[in-house]
file coords18.cif (mmCIF, C-alpha atoms and all ligand atoms)
data_target
loop_
_atom_site.label_atom_id
_atom_site.label_comp_id
_atom_site.auth_asym_id
_atom_site.auth_seq_id
_atom_site.Cartn_x
_atom_site.Cartn_y
_atom_site.Cartn_z
CA MET J 224 -9.14 -21.03 -16.17
CA LYS J 225 -8.68 -17.63 -17.74
CA SER J 226 -6.40 -16.99 -20.67
CA PRO J 227 -2.81 -16.00 -20.00
CA ILE J 228 -1.77 -12.70 -18.56
CA ASN J 229 -0.28 -11.41 -21.81
CA GLN J 230 -3.71 -10.41 -23.12
CA TRP J 231 -3.73 -7.59 -20.54
CA VAL J 232 -0.11 -6.47 -20.86
CA ARG J 233 0.65 -3.45 -23.05
CA PRO J 234 2.19 -4.57 -26.36
CA ASN J 235 5.24 -2.27 -25.98
CA ILE J 236 5.98 -3.76 -22.54
CA GLN J 237 5.85 -7.29 -23.96
CA LYS J 238 8.60 -6.32 -26.39
CA ILE J 239 11.06 -4.76 -23.90
CA THR J 240 14.54 -6.20 -23.47
CA PRO J 241 15.46 -5.46 -19.85
CA TYR J 242 18.45 -3.32 -18.91
CA SER J 243 21.31 -5.53 -17.87
CA THR J 244 23.22 -4.09 -14.93
CA ALA J 245 26.90 -4.58 -14.21
CA ARG J 246 25.75 -6.76 -11.31
CA ASP J 247 23.72 -8.93 -13.70
CA GLU J 248 26.69 -9.55 -15.95
CA PHE J 249 28.99 -10.57 -13.14
CA GLU J 250 27.57 -12.52 -10.23
CA GLY J 251 29.63 -13.87 -7.39
CA THR J 252 32.48 -12.44 -5.36
CA ALA J 253 35.63 -10.91 -6.78
CA GLU J 254 38.64 -9.10 -5.31
CA VAL J 255 38.66 -6.37 -7.90
CA LEU J 256 35.35 -4.88 -8.98
CA LEU J 257 35.97 -2.40 -11.77
CA ASP J 258 32.81 -2.97 -13.75
CA ALA J 259 30.27 -0.42 -12.50
CA ASN J 260 32.18 2.89 -12.44
CA GLU J 261 31.86 3.15 -8.66
CA ASN J 262 34.44 4.95 -6.51
CA SER J 263 36.82 2.37 -5.02
CA LEU J 264 38.89 4.75 -2.87
CA ALA J 265 36.77 4.07 0.24
CA ASP J 266 37.59 7.56 1.53
CA ILE J 267 33.95 8.62 1.91
CA PHE J 268 31.81 6.95 4.61
CA ASP J 269 34.60 4.31 4.60
CA GLY J 270 33.19 3.11 1.30
CA ARG J 271 30.15 1.61 3.06
CA TYR J 272 27.78 2.90 0.42
CA SER J 273 30.05 2.96 -2.61
CA ARG J 274 28.73 -0.20 -4.28
CA TYR J 275 25.42 -0.49 -6.08
CA PRO J 276 22.86 -2.54 -4.15
CA ASP J 277 21.53 -5.91 -5.34
CA PRO J 278 19.07 -4.94 -8.10
CA HIS J 279 17.07 -8.15 -7.46
CA GLN J 280 17.06 -7.82 -3.64
CA ARG J 281 17.62 -11.57 -3.43
CA GLU J 282 18.35 -11.93 0.29
CA LEU J 283 15.52 -9.67 1.36
CA LYS J 284 13.06 -11.46 -0.92
CA ARG J 285 14.20 -14.84 0.36
CA ASP J 286 13.56 -13.77 3.99
CA LEU J 287 10.24 -12.15 3.14
CA ALA J 288 9.17 -15.21 1.14
CA THR J 289 9.77 -17.42 4.17
CA LEU J 290 7.90 -15.02 6.46
CA LYS J 291 4.88 -14.79 4.15
CA GLY J 292 4.82 -18.36 2.86
CA VAL J 293 5.28 -17.44 -0.80
CA GLN J 294 8.01 -17.93 -3.42
CA SER J 295 10.63 -15.20 -4.00
CA GLU J 296 9.37 -15.06 -7.60
CA GLN J 297 5.98 -13.96 -6.27
CA ILE J 298 7.45 -10.82 -4.66
CA PHE J 299 8.09 -7.40 -6.16
CA LEU J 300 9.77 -4.74 -4.02
CA GLY J 301 9.11 -1.10 -4.74
CA ASN J 302 10.29 2.28 -3.52
CA GLY J 303 7.12 2.44 -1.43
CA SER J 304 3.95 0.73 -2.59
CA ASP J 305 3.29 3.93 -4.51
CA GLU J 306 5.97 2.75 -6.94
CA ALA J 307 4.17 -0.58 -7.36
CA ILE J 308 0.91 1.24 -8.14
CA ASP J 309 2.63 3.35 -10.80
CA LEU J 310 4.35 0.34 -12.38
CA LEU J 311 1.11 -1.68 -12.45
CA TYR J 312 -0.52 1.13 -14.41
CA ARG J 313 2.44 1.17 -16.76
CA VAL J 314 2.39 -2.58 -17.38
CA PHE J 315 -1.33 -2.89 -18.02
CA CYS J 316 -2.78 0.47 -19.12
CA GLN J 317 -2.07 2.16 -22.42
CA PRO J 318 -1.99 5.94 -21.94
CA ALA J 319 -4.97 7.80 -23.41
CA LYS J 320 -6.70 4.49 -24.05
CA ASP J 321 -7.17 2.28 -20.99
CA GLY J 322 -8.62 2.93 -17.57
CA VAL J 323 -8.79 1.87 -13.93
CA VAL J 324 -11.68 1.71 -11.48
CA PHE J 325 -11.34 2.05 -7.73
CA PHE J 326 -13.88 2.27 -4.94
CA GLY J 327 -14.03 5.40 -2.87
CA PRO J 328 -13.60 7.30 -0.74
CA THR J 329 -10.15 5.76 -0.79
CA TYR J 330 -6.41 6.36 -1.02
CA GLY J 331 -5.62 9.39 -3.18
CA MET J 332 -2.62 8.00 -5.04
CA TYR J 333 -4.72 5.71 -7.26
CA LYS J 334 -6.15 8.79 -8.93
CA VAL J 335 -2.91 10.81 -9.03
CA SER J 336 -0.97 7.91 -10.52
CA ALA J 337 -3.71 7.50 -13.14
CA ALA J 338 -3.43 11.18 -14.06
CA VAL J 339 0.36 10.94 -14.34
CA ASN J 340 0.05 7.95 -16.65
CA GLU J 341 -2.85 9.46 -18.64
CA VAL J 342 -5.09 6.60 -17.65
CA ASP J 343 -8.86 7.07 -17.21
CA ALA J 344 -9.85 6.81 -13.56
CA ILE J 345 -13.32 6.15 -12.19
CA GLU J 346 -14.08 6.27 -8.50
CA TRP J 347 -17.08 4.03 -7.89
CA PRO J 348 -18.91 4.88 -4.65
CA LEU J 349 -18.69 2.51 -1.71
CA ASP J 350 -22.02 1.91 0.07
CA ALA J 351 -23.23 3.65 3.27
CA ASP J 352 -21.06 1.32 5.39
CA PHE J 353 -18.13 1.94 3.03
CA ASP J 354 -18.30 -1.62 1.72
CA ILE J 355 -18.10 -2.63 -1.95
CA PRO J 356 -21.14 -3.29 -4.14
CA ALA J 357 -21.61 -6.79 -5.59
CA PRO J 358 -19.86 -7.34 -8.93
CA GLN J 359 -23.26 -7.81 -10.65
CA GLU J 360 -23.98 -4.15 -9.83
CA THR J 361 -20.78 -2.82 -11.34
CA LEU J 362 -18.99 -5.06 -13.85
CA SER J 363 -21.53 -4.64 -16.65
CA LEU J 364 -21.53 -0.86 -16.13
CA ILE J 365 -17.84 0.04 -15.96
CA PRO J 366 -16.19 1.16 -19.21
CA LYS J 367 -14.88 -1.53 -21.54
CA ASN J 368 -11.39 -0.03 -21.41
CA THR J 369 -11.02 -0.88 -17.69
CA LYS J 370 -7.84 -2.92 -17.20
CA ILE J 371 -7.38 -2.72 -13.42
CA LEU J 372 -9.78 -2.77 -10.46
CA ILE J 373 -8.30 -1.47 -7.20
CA PHE J 374 -9.60 -2.27 -3.74
CA CYS J 375 -8.13 -1.05 -0.48
CA SER J 376 -8.78 -3.30 2.51
CA PRO J 377 -8.67 -2.19 5.28
CA ASN J 378 -9.64 0.96 3.41
CA ASN J 379 -8.00 4.34 3.88
CA PRO J 380 -9.56 6.70 5.10
CA THR J 381 -12.61 4.71 6.27
CA GLY J 382 -10.77 1.98 8.23
CA ASN J 383 -13.07 -0.95 7.40
CA GLN J 384 -12.21 -4.21 5.69
CA LEU J 385 -14.07 -4.96 2.47
CA ASN J 386 -16.40 -7.93 2.06
CA ARG J 387 -14.20 -10.94 1.40
CA ASP J 388 -16.72 -12.94 -0.67
CA ARG J 389 -17.30 -9.98 -2.94
CA LEU J 390 -13.56 -9.41 -3.34
CA ARG J 391 -13.23 -13.03 -4.37
CA ALA J 392 -16.11 -12.67 -6.83
CA TYR J 393 -14.43 -9.63 -8.42
CA CYS J 394 -11.20 -11.60 -8.83
CA GLU J 395 -13.07 -14.44 -10.50
CA GLN J 396 -15.42 -12.42 -12.67
CA PHE J 397 -13.39 -9.41 -13.79
CA ASN J 398 -11.57 -9.82 -17.07
CA GLY J 399 -8.44 -7.90 -16.09
CA ILE J 400 -6.15 -7.25 -13.13
CA VAL J 401 -7.45 -6.98 -9.55
CA VAL J 402 -5.28 -5.09 -7.06
CA ILE J 403 -6.01 -5.35 -3.34
CA ASP J 404 -4.06 -2.82 -1.28
CA GLU J 405 -3.39 -4.24 2.18
CA ALA J 406 -1.31 -1.35 3.55
CA TYR J 407 -3.00 -1.75 6.95
CA ILE J 408 -3.28 -5.53 7.08
CA ASP J 409 -0.89 -5.87 10.03
CA PHE J 410 -3.63 -4.32 12.16
CA ALA J 411 -6.04 -7.05 11.03
CA PRO J 412 -3.93 -10.13 11.78
CA GLY J 413 -4.83 -13.32 9.96
CA GLU J 414 -6.90 -11.50 7.35
CA SER J 415 -4.42 -11.15 4.48
CA LEU J 416 -5.53 -12.47 1.11
CA ILE J 417 -1.99 -13.38 0.04
CA PRO J 418 -2.93 -17.11 -0.10
CA TRP J 419 -5.24 -16.26 -3.01
CA ILE J 420 -2.32 -15.47 -5.32
CA ASP J 421 -1.80 -19.22 -5.74
CA GLN J 422 -5.43 -19.69 -6.78
CA LEU J 423 -5.97 -16.78 -9.16
CA ASP J 424 -3.95 -15.57 -12.13
CA ASN J 425 -5.01 -11.90 -12.06
CA LEU J 426 -4.58 -10.84 -8.42
CA VAL J 427 -1.97 -8.45 -7.00
CA ILE J 428 -1.75 -7.82 -3.25
CA LEU J 429 0.04 -4.67 -2.07
CA GLN J 430 1.59 -4.29 1.36
CA THR J 431 4.01 -1.78 2.82
CA PHE J 432 6.76 -1.42 5.41
CA SER J 433 5.59 2.15 6.10
CA LYS J 434 2.81 1.58 8.60
CA ALA J 435 3.04 -1.22 11.20
CA TRP J 436 6.61 -1.99 10.11
CA SER J 437 7.55 1.61 10.94
CA ILE J 438 10.16 2.34 8.28
CA ALA J 439 8.19 4.87 6.21
CA ALA J 440 11.36 6.95 5.81
CA LEU J 441 13.20 4.09 4.12
CA ARG J 442 10.50 3.54 1.47
CA LEU J 443 9.68 -0.10 0.96
CA GLY J 444 6.47 -1.43 -0.55
CA VAL J 445 5.68 -4.95 -1.66
CA ALA J 446 3.53 -6.53 -4.35
CA TYR J 447 2.64 -10.22 -4.12
CA SER J 448 1.27 -11.92 -7.20
CA THR J 449 1.86 -14.70 -9.72
CA ALA J 450 5.45 -15.11 -10.88
CA GLU J 451 4.27 -13.99 -14.32
CA ILE J 452 2.89 -10.63 -13.20
CA ILE J 453 5.84 -10.04 -10.85
CA ALA J 454 8.24 -10.64 -13.75
CA TYR J 455 6.60 -7.78 -15.68
CA LEU J 456 6.98 -5.39 -12.73
CA ASN J 457 10.63 -6.37 -12.40
CA LEU J 458 11.13 -5.92 -16.12
CA ILE J 459 10.18 -2.25 -16.07
CA LYS J 460 11.35 -1.12 -12.63
CA PRO J 461 14.39 1.13 -12.33
CA PRO J 462 17.25 -1.35 -11.75
CA TYR J 463 18.39 -0.15 -8.32
CA ASN J 464 15.03 0.96 -6.94
CA ILE J 465 15.64 -0.37 -3.41
CA ASN J 466 18.72 1.14 -1.79
CA ALA J 467 21.21 -0.83 0.29
CA VAL J 468 20.25 0.65 3.67
CA THR J 469 16.59 -0.18 3.10
CA GLN J 470 17.41 -3.76 2.09
CA GLU J 471 19.58 -4.18 5.18
CA LYS J 472 17.12 -2.65 7.66
CA ALA J 473 14.18 -4.60 6.24
CA LYS J 474 16.14 -7.86 6.65
CA GLU J 475 16.86 -6.92 10.28
CA LEU J 476 13.18 -6.19 10.86
CA ILE J 477 12.07 -9.51 9.40
CA GLU J 478 14.40 -11.29 11.81
CA THR J 479 12.54 -9.57 14.63
CA ALA J 480 9.07 -9.79 13.08
CA GLY J 481 7.75 -10.66 16.54
CA LEU J 482 8.56 -7.12 17.68
CA VAL J 483 6.62 -5.67 14.78
CA SER J 484 3.53 -7.69 15.55
CA GLN J 485 3.79 -6.75 19.24
CA SER J 486 3.93 -3.13 18.22
CA ALA J 487 0.90 -3.59 15.97
CA ASP J 488 -0.97 -5.33 18.81
CA ARG J 489 -0.17 -2.43 21.11
CA LEU J 490 -1.51 0.03 18.55
CA ILE J 491 -4.71 -2.00 18.23
CA GLU J 492 -5.11 -1.74 22.02
CA LEU J 493 -4.47 2.01 21.90
CA ARG J 494 -7.00 2.29 19.07
CA GLU J 495 -9.67 0.58 21.19
CA ASN J 496 -8.86 2.85 24.15
CA LEU J 497 -9.06 5.91 21.92
CA ILE J 498 -12.48 4.78 20.67
CA LYS J 499 -13.74 4.48 24.26
CA ARG J 500 -12.31 7.87 25.13
CA LEU J 501 -13.85 9.52 22.06
CA GLN J 502 -17.25 7.97 22.79
CA ASN J 503 -17.31 10.17 25.88
CA THR J 504 -15.94 13.27 24.19
CA SER J 505 -18.05 16.28 23.17
CA GLY J 506 -18.64 16.96 19.51
CA VAL J 507 -18.19 13.37 18.35
CA LEU J 508 -21.05 12.42 16.01
CA HIS J 509 -19.89 9.02 14.80
CA ILE J 510 -16.83 6.81 15.08
CA TYR J 511 -16.51 4.38 12.18
CA PRO J 512 -15.30 0.85 12.97
CA SER J 513 -11.61 0.42 12.19
CA LYS J 514 -9.30 -2.47 11.41
CA ALA J 515 -6.41 -0.06 10.85
CA ASN J 516 -4.18 2.25 12.91
CA PHE J 517 -6.45 5.22 12.39
CA LEU J 518 -10.05 6.23 13.03
CA LEU J 519 -12.46 8.05 10.78
CA VAL J 520 -14.60 10.22 13.04
CA LYS J 521 -17.47 12.56 12.25
CA PHE J 522 -17.44 15.69 14.39
CA ASP J 523 -19.80 18.57 14.87
CA LYS J 524 -18.20 21.58 13.10
CA ALA J 525 -15.33 19.37 11.89
CA PRO J 526 -13.52 22.01 9.78
CA ALA J 527 -13.36 24.41 12.73
CA LEU J 528 -12.18 21.65 15.07
CA PHE J 529 -9.48 20.73 12.58
CA GLN J 530 -8.25 24.35 12.52
CA HIS J 531 -8.38 24.59 16.31
CA LEU J 532 -6.23 21.48 16.68
CA LEU J 533 -3.71 22.92 14.23
CA THR J 534 -3.32 26.04 16.37
CA LYS J 535 -2.57 23.70 19.30
CA GLY J 536 0.11 21.92 17.29
CA ILE J 537 -1.95 18.78 16.72
CA VAL J 538 -2.19 17.66 13.11
CA ILE J 539 -4.83 15.20 11.98
CA ARG J 540 -6.16 14.62 8.48
CA ASN J 541 -9.08 16.64 7.15
CA ARG J 542 -11.28 14.29 5.12
CA CYS J 543 -14.36 16.54 4.98
CA LYS J 544 -14.26 16.60 1.18
CA GLU J 545 -14.54 12.81 1.04
CA VAL J 546 -16.81 12.27 4.07
CA GLU J 547 -18.97 15.10 5.39
CA ASN J 548 -17.56 16.29 8.72
CA GLY J 549 -15.00 13.47 8.57
CA LEU J 550 -11.58 13.74 10.19
CA ARG J 551 -9.03 10.93 10.09
CA ILE J 552 -7.03 10.43 13.25
CA THR J 553 -3.90 8.29 13.31
CA VAL J 554 -3.69 6.35 16.57
CA GLY J 555 -0.70 7.76 18.45
CA ASN J 556 0.96 6.81 21.69
CA GLN J 557 -0.91 7.11 24.98
CA ALA J 558 0.21 10.69 25.69
CA GLN J 559 -0.53 11.92 22.16
CA ASN J 560 -4.01 10.39 22.19
CA GLU J 561 -4.72 11.98 25.57
CA LEU J 562 -3.55 15.43 24.44
CA LEU J 563 -5.71 15.15 21.35
CA CYS J 564 -8.82 14.24 23.35
CA GLN J 565 -8.22 17.08 25.82
CA GLN J 566 -7.93 19.60 23.02
CA ILE J 567 -11.10 18.26 21.40
CA GLU J 568 -12.91 18.68 24.76
CA ASN J 569 -11.55 22.23 25.06
CA PHE J 570 -12.81 23.16 21.62
CA TYR J 571 -16.41 22.23 22.40
CA THR J 572 -16.60 23.31 26.02
CA LEU J 573 -14.61 26.54 26.25
C1 LIG J 601 0.16 4.68 3.25
C2 LIG J 601 -0.49 3.94 2.14
C3 LIG J 601 0.24 3.44 1.08
C4 LIG J 601 1.62 3.92 0.79
O1 LIG J 601 2.59 3.19 1.22
P1 LIG J 601 4.12 3.47 0.84
O2 LIG J 601 4.62 2.07 0.83
O3 LIG J 601 4.65 4.31 1.94
O4 LIG J 601 4.22 4.12 -0.51
C5 LIG J 601 -0.39 2.66 0.12
N1 LIG J 601 -1.71 2.42 0.20
C6 LIG J 601 -2.44 2.91 1.19
C7 LIG J 601 -3.89 2.64 1.23
C8 LIG J 601 -1.87 3.70 2.18
O5 LIG J 601 -2.64 4.24 3.14
#
call {"tool": "encode", "arguments": {"input": "coords18.cif", "output": "structure tokens"}}
result
Amino acid sequence: MKSPINQWVRPNIQKITPYSTARDEFEGTAEVLLDANENSLADIFDGRYSRYPDPHQRELKRDLATLKGVQSEQIFLGNGSDEAIDLLYRVFCQPAKDGVVFFGPTYGMYKVSAAVNEVDAIEWPLDADFDIPAPQETLSLIPKNTKILIFCSPNNPTGNQLNRDRLRAYCEQFNGIVVIDEAYIDFAPGESLIPWIDQLDNLVILQTFSKAWSIAALRLGVAYSTAEIIAYLNLIKPPYNINAVTQEKAKELIETAGLVSQSADRLIELRENLIKRLQNTSGVLHIYPSKANFLLVKFDKAPALFQHLLTKGIVIRNRCKEVENGLRITVGNQAQNELLCQQIENFYTL
């Protein structure tokens, strides 16, 4: 067993006394709430939004805990998982001193958030199949100031899942925090590593309501970890980071989780159809295997194709800087996928 989490937490964070909200100091129901300086006239939007939301998101966490088979205390809710990434850096990395390592090409926010927090960031290269190297090849070589390792699985923009045994070995061998970003896990059903949070004391799993759960506009990201790590994230989060509408809509969605998984299943089917269609499309050099709702595809003259599609009103993601001739295509609905393939054909044949 490793030593307690406090060895990795910034000393200033360990000393913080949390802000106590009006809602913390009075719990329960009352006729007359005059404690939070809200507007009680109810003359705007019928007062529907006049009260501060639950800063602890208790009901939503309870429902999510049941759905995921964890304890409420093992859940942190963020204003998008981007907020969780930022707060993890702030709990564990001293600015201008500590660092993080992630494995790329991968999601761009890990680097941006590091820059914002003045944390050293190293992008270690994934192998030719975009999988992770064994810990023996990396752990002795990464800087001593590394506090967090970040893995993204399924990885954005490459679409593949990372080797599970190696992920486990990193969790067990790295002396620090391991973050596994599962933003796309709903497209790889049954593969989530959430059960590991009961077996390891240094693991944080990130998920999001923005992709399969289809409420990107409402901003809701989730971190699952030990109660101890989650308590630190809650300690430093802005008190009312999840607004009332988001809490309400997420609860509704959890009640109909079956619909969400049906939708994810349908997207998986559309992804497989799109792969077949692209295999017979001109200009396609390579389609990488995907466990997500997007495909990384290498095209002949990719930058020019990207521009051509833009002029036709079709926007995909240019990833040529990360992967030579690589474009990332989000799987759309049937009609969108068809339009895209037609325009790709046009570009190479006209
Ligand atoms: C989209 C994405 C996120 C961001 O999710 P939000 O919850 O919308 O902030 C996080 N990680 C990866 C890898 C993503 O692709």
call {"tool": "axis_aligned_box", "arguments": {"input": "coords18.cif", "around": "ligand LIG 601 (chain J)", "padding_each_side": "3 Å", "output": "lines of an AutoDock Vina configuration file"}}
result
center_x = 0.4
center_y = 3.4
center_z = 1.4
size_x = 14.5
size_y = 8.6
size_z = 9.8
call {"tool": "residues_around", "arguments": {"input": "coords18.cif", "residues": "Gln557 of chain J", "least_positions_apart": "6", "cutoff": "10 Å", "atoms": "all atoms listed in the file", "output": "list in words"}}
result
Leu490, Leu493, Arg494, Asn496 and Leu497 of chain J
call {"tool": "residues_near_ligand", "arguments": {"input": "coords18.cif", "ligand": "ligand LIG 601 (chain J)", "cutoff": "7 Å", "atoms": "all atoms listed in the file", "output": "list in words"}}
result
Gly303, Ser304, Asp305, Glu306, Tyr330, Cys375, Asn378, Asn379, Asp404, Glu405, Ala406, Thr431, Phe432, Ser433, Lys434, Ala439, Arg442, Leu443 and Gly444 of chain J
call {"tool": "residues_around", "arguments": {"input": "coords18.cif", "residues": "Phe326 of chain J", "least_positions_apart": "2", "cutoff": "6 Å", "atoms": "all atoms listed in the file", "output": "VMD selection string"}}
result
chain J and resid 346 to 349
call {"tool": "residues_around", "arguments": {"input": "coords18.cif", "residues": "Ala288 of chain J", "least_positions_apart": "3", "cutoff": "12 Å", "atoms": "all atoms listed in the file", "output": "compact mmCIF listing (two decimals) with C-alpha atoms, in the frame of the given file"}}
result
# COMPACT_ATOMS: atom_id res chain seq x y z
CA GLN J 280 17.06 -7.82 -3.64
CA ARG J 281 17.62 -11.57 -3.43
CA GLU J 282 18.35 -11.93 0.29
CA LEU J 283 15.52 -9.67 1.36
CA LYS J 284 13.06 -11.46 -0.92
CA ARG J 285 14.20 -14.84 0.36
CA LYS J 291 4.88 -14.79 4.15
CA GLY J 292 4.82 -18.36 2.86
CA VAL J 293 5.28 -17.44 -0.80
CA GLN J 294 8.01 -17.93 -3.42
CA SER J 295 10.63 -15.20 -4.00
CA GLU J 296 9.37 -15.06 -7.60
CA GLN J 297 5.98 -13.96 -6.27
CA ILE J 298 7.45 -10.82 -4.66
CA PHE J 299 8.09 -7.40 -6.16
CA LEU J 300 9.77 -4.74 -4.02
CA ILE J 417 -1.99 -13.38 0.04
CA VAL J 445 5.68 -4.95 -1.66
CA ALA J 446 3.53 -6.53 -4.35
CA TYR J 447 2.64 -10.22 -4.12
CA SER J 448 1.27 -11.92 -7.20
CA LYS J 474 16.14 -7.86 6.65
CA ILE J 477 12.07 -9.51 9.40
call {"tool": "atom_distance", "arguments": {"input": "coords18.cif", "atom1": "atom CA of Lys367 of chain J", "atom2": "atom CA of Gln396 of chain J"}}
result
14.1 Å
call {"tool": "atom_distance", "arguments": {"input": "coords18.cif", "atom1": "atom CA of Phe374 of chain J", "atom2": "atom CA of Thr329 of chain J"}}
result
8.6 Å
call {"tool": "atom_distance", "arguments": {"input": "coords18.cif", "atom1": "atom CA of Gly413 of chain J", "atom2": "atom CA of Lys370 of chain J"}}
result
29.2 Å
call {"tool": "residues_near_point", "arguments": {"input": "coords18.cif", "point": "(19.5, -9.3, -10.2)", "cutoff": "7 Å", "atoms": "only C-alpha atoms", "output": "list in words"}}
result
Arg246, Asp247, Asp277, Pro278 and His279 of chain J
call {"tool": "closest_residue", "arguments": {"input": "coords18.cif", "among": "J:Glu561, J:Glu414, J:Leu550, J:Tyr407", "to": "Ile491 of chain J", "atoms": "only C-alpha atoms"}}
result
J:Tyr407
call {"tool": "closest_residue", "arguments": {"input": "coords18.cif", "among": "J:Asn503, J:Gln565, J:Asn235, J:Gly555", "to": "Val314 of chain J", "atoms": "all atoms listed in the file"}}
result
J:Asn235
call {"tool": "residues_around", "arguments": {"input": "coords18.cif", "residues": "Leu501 of chain J", "least_positions_apart": "2", "cutoff": "10 Å", "atoms": "all atoms listed in the file", "output": "PyMOL selection string"}}
result
chain J and resi 495-499+503-510+520+560+563-564+567-568
call {"tool": "residues_near_point", "arguments": {"input": "coords18.cif", "point": "(-5.5, 20.9, 8.1)", "cutoff": "12 Å", "atoms": "all atoms listed in the file", "output": "PDB file with C-alpha atoms, in the coordinates of the input"}}
result
ATOM      1  CA  ALA J 525     -15.330  19.370  11.890  1.00  0.00           C
ATOM      2  CA  PRO J 526     -13.520  22.010   9.780  1.00  0.00           C
ATOM      3  CA  ALA J 527     -13.360  24.410  12.730  1.00  0.00           C
ATOM      4  CA  LEU J 528     -12.180  21.650  15.070  1.00  0.00           C
ATOM      5  CA  PHE J 529      -9.480  20.730  12.580  1.00  0.00           C
ATOM      6  CA  GLN J 530      -8.250  24.350  12.520  1.00  0.00           C
ATOM      7  CA  HIS J 531      -8.380  24.590  16.310  1.00  0.00           C
ATOM      8  CA  LEU J 532      -6.230  21.480  16.680  1.00  0.00           C
ATOM      9  CA  LEU J 533      -3.710  22.920  14.230  1.00  0.00           C
ATOM     10  CA  THR J 534      -3.320  26.040  16.370  1.00  0.00           C
ATOM     11  CA  LYS J 535      -2.570  23.700  19.300  1.00  0.00           C
ATOM     12  CA  GLY J 536       0.110  21.920  17.290  1.00  0.00           C
ATOM     13  CA  ILE J 537      -1.950  18.780  16.720  1.00  0.00           C
ATOM     14  CA  VAL J 538      -2.190  17.660  13.110  1.00  0.00           C
ATOM     15  CA  ILE J 539      -4.830  15.200  11.980  1.00  0.00           C
ATOM     16  CA  ARG J 540      -6.160  14.620   8.480  1.00  0.00           C
ATOM     17  CA  ASN J 541      -9.080  16.640   7.150  1.00  0.00           C
ATOM     18  CA  ARG J 542     -11.280  14.290   5.120  1.00  0.00           C
ATOM     19  CA  CYS J 543     -14.360  16.540   4.980  1.00  0.00           C
ATOM     20  CA  LYS J 544     -14.260  16.600   1.180  1.00  0.00           C
ATOM     21  CA  LEU J 550     -11.580  13.740  10.190  1.00  0.00           C
ATOM     22  CA  ARG J 551      -9.030  10.930  10.090  1.00  0.00           C
ATOM     23  CA  ILE J 552      -7.030  10.430  13.250  1.00  0.00           C
TER      24      ILE J 552
END
call {"tool": "residues_around", "arguments": {"input": "coords18.cif", "residues": "Thr240 of chain J", "least_positions_apart": "4", "cutoff": "12 Å", "atoms": "only C-alpha atoms", "output": "PyMOL selection string"}}
result
chain J and resi 235-236+455+457-459
call {"tool": "closest_residue", "arguments": {"input": "coords18.cif", "among": "J:Arg313, J:Arg274, J:Arg489, J:Lys472", "to": "Ala440 of chain J", "atoms": "all atoms listed in the file"}}
result
J:Lys472
call {"tool": "decode", "arguments": {"input": "coords18.cif", "residues": "segment 419-431 of chain J", "atoms": "N, CA and C atoms", "output": "PDB file, in the first residue's frame"}}
result
ATOM      1  N   TRP J 419     -11.669   0.299 -10.799  1.00  0.00           N
ATOM      2  CA  TRP J 419     -10.317   0.374 -10.237  1.00  0.00           C
ATOM      3  C   TRP J 419     -10.191   1.413  -9.120  1.00  0.00           C
ATOM      4  N   ILE J 420     -11.099   2.375  -9.053  1.00  0.00           N
ATOM      5  CA  ILE J 420     -10.925   3.413  -8.019  1.00  0.00           C
ATOM      6  C   ILE J 420     -11.062   2.843  -6.614  1.00  0.00           C
ATOM      7  N   ASP J 421     -11.675   1.652  -6.494  1.00  0.00           N
ATOM      8  CA  ASP J 421     -11.757   1.017  -5.181  1.00  0.00           C
ATOM      9  C   ASP J 421     -10.492   0.231  -4.851  1.00  0.00           C
ATOM     10  N   GLN J 422      -9.646   0.027  -5.845  1.00  0.00           N
ATOM     11  CA  GLN J 422      -8.454  -0.813  -5.641  1.00  0.00           C
ATOM     12  C   GLN J 422      -7.162  -0.015  -5.578  1.00  0.00           C
ATOM     13  N   LEU J 423      -7.214   1.240  -5.994  1.00  0.00           N
ATOM     14  CA  LEU J 423      -6.004   2.065  -6.092  1.00  0.00           C
ATOM     15  C   LEU J 423      -6.253   3.377  -5.358  1.00  0.00           C
ATOM     16  N   ASP J 424      -5.197   3.958  -4.793  1.00  0.00           N
ATOM     17  CA  ASP J 424      -5.439   5.207  -4.058  1.00  0.00           C
ATOM     18  C   ASP J 424      -5.009   6.451  -4.851  1.00  0.00           C
ATOM     19  N   ASN J 425      -4.530   6.257  -6.086  1.00  0.00           N
ATOM     20  CA  ASN J 425      -3.997   7.403  -6.831  1.00  0.00           C
ATOM     21  C   ASN J 425      -4.644   7.596  -8.201  1.00  0.00           C
ATOM     22  N   LEU J 426      -5.798   6.966  -8.421  1.00  0.00           N
ATOM     23  CA  LEU J 426      -6.409   6.983  -9.757  1.00  0.00           C
ATOM     24  C   LEU J 426      -7.612   7.921  -9.819  1.00  0.00           C
ATOM     25  N   VAL J 427      -7.663   8.724 -10.878  1.00  0.00           N
ATOM     26  CA  VAL J 427      -8.823   9.578 -11.157  1.00  0.00           C
ATOM     27  C   VAL J 427      -9.325   9.234 -12.556  1.00  0.00           C
ATOM     28  N   ILE J 428     -10.612   8.929 -12.670  1.00  0.00           N
ATOM     29  CA  ILE J 428     -11.225   8.661 -13.973  1.00  0.00           C
ATOM     30  C   ILE J 428     -12.089   9.862 -14.348  1.00  0.00           C
ATOM     31  N   LEU J 429     -11.901  10.391 -15.555  1.00  0.00           N
ATOM     32  CA  LEU J 429     -12.727  11.504 -16.022  1.00  0.00           C
ATOM     33  C   LEU J 429     -13.734  11.011 -17.046  1.00  0.00           C
ATOM     34  N   GLN J 430     -14.970  11.477 -16.902  1.00  0.00           N
ATOM     35  CA  GLN J 430     -15.979  11.228 -17.931  1.00  0.00           C
ATOM     36  C   GLN J 430     -16.723  12.536 -18.176  1.00  0.00           C
ATOM     37  N   THR J 431     -17.576  12.540 -19.179  1.00  0.00           N
ATOM     38  CA  THR J 431     -18.256  13.790 -19.520  1.00  0.00           C
ATOM     39  C   THR J 431     -19.675  13.536 -20.022  1.00  0.00           C
TER      40      THR J 431
END
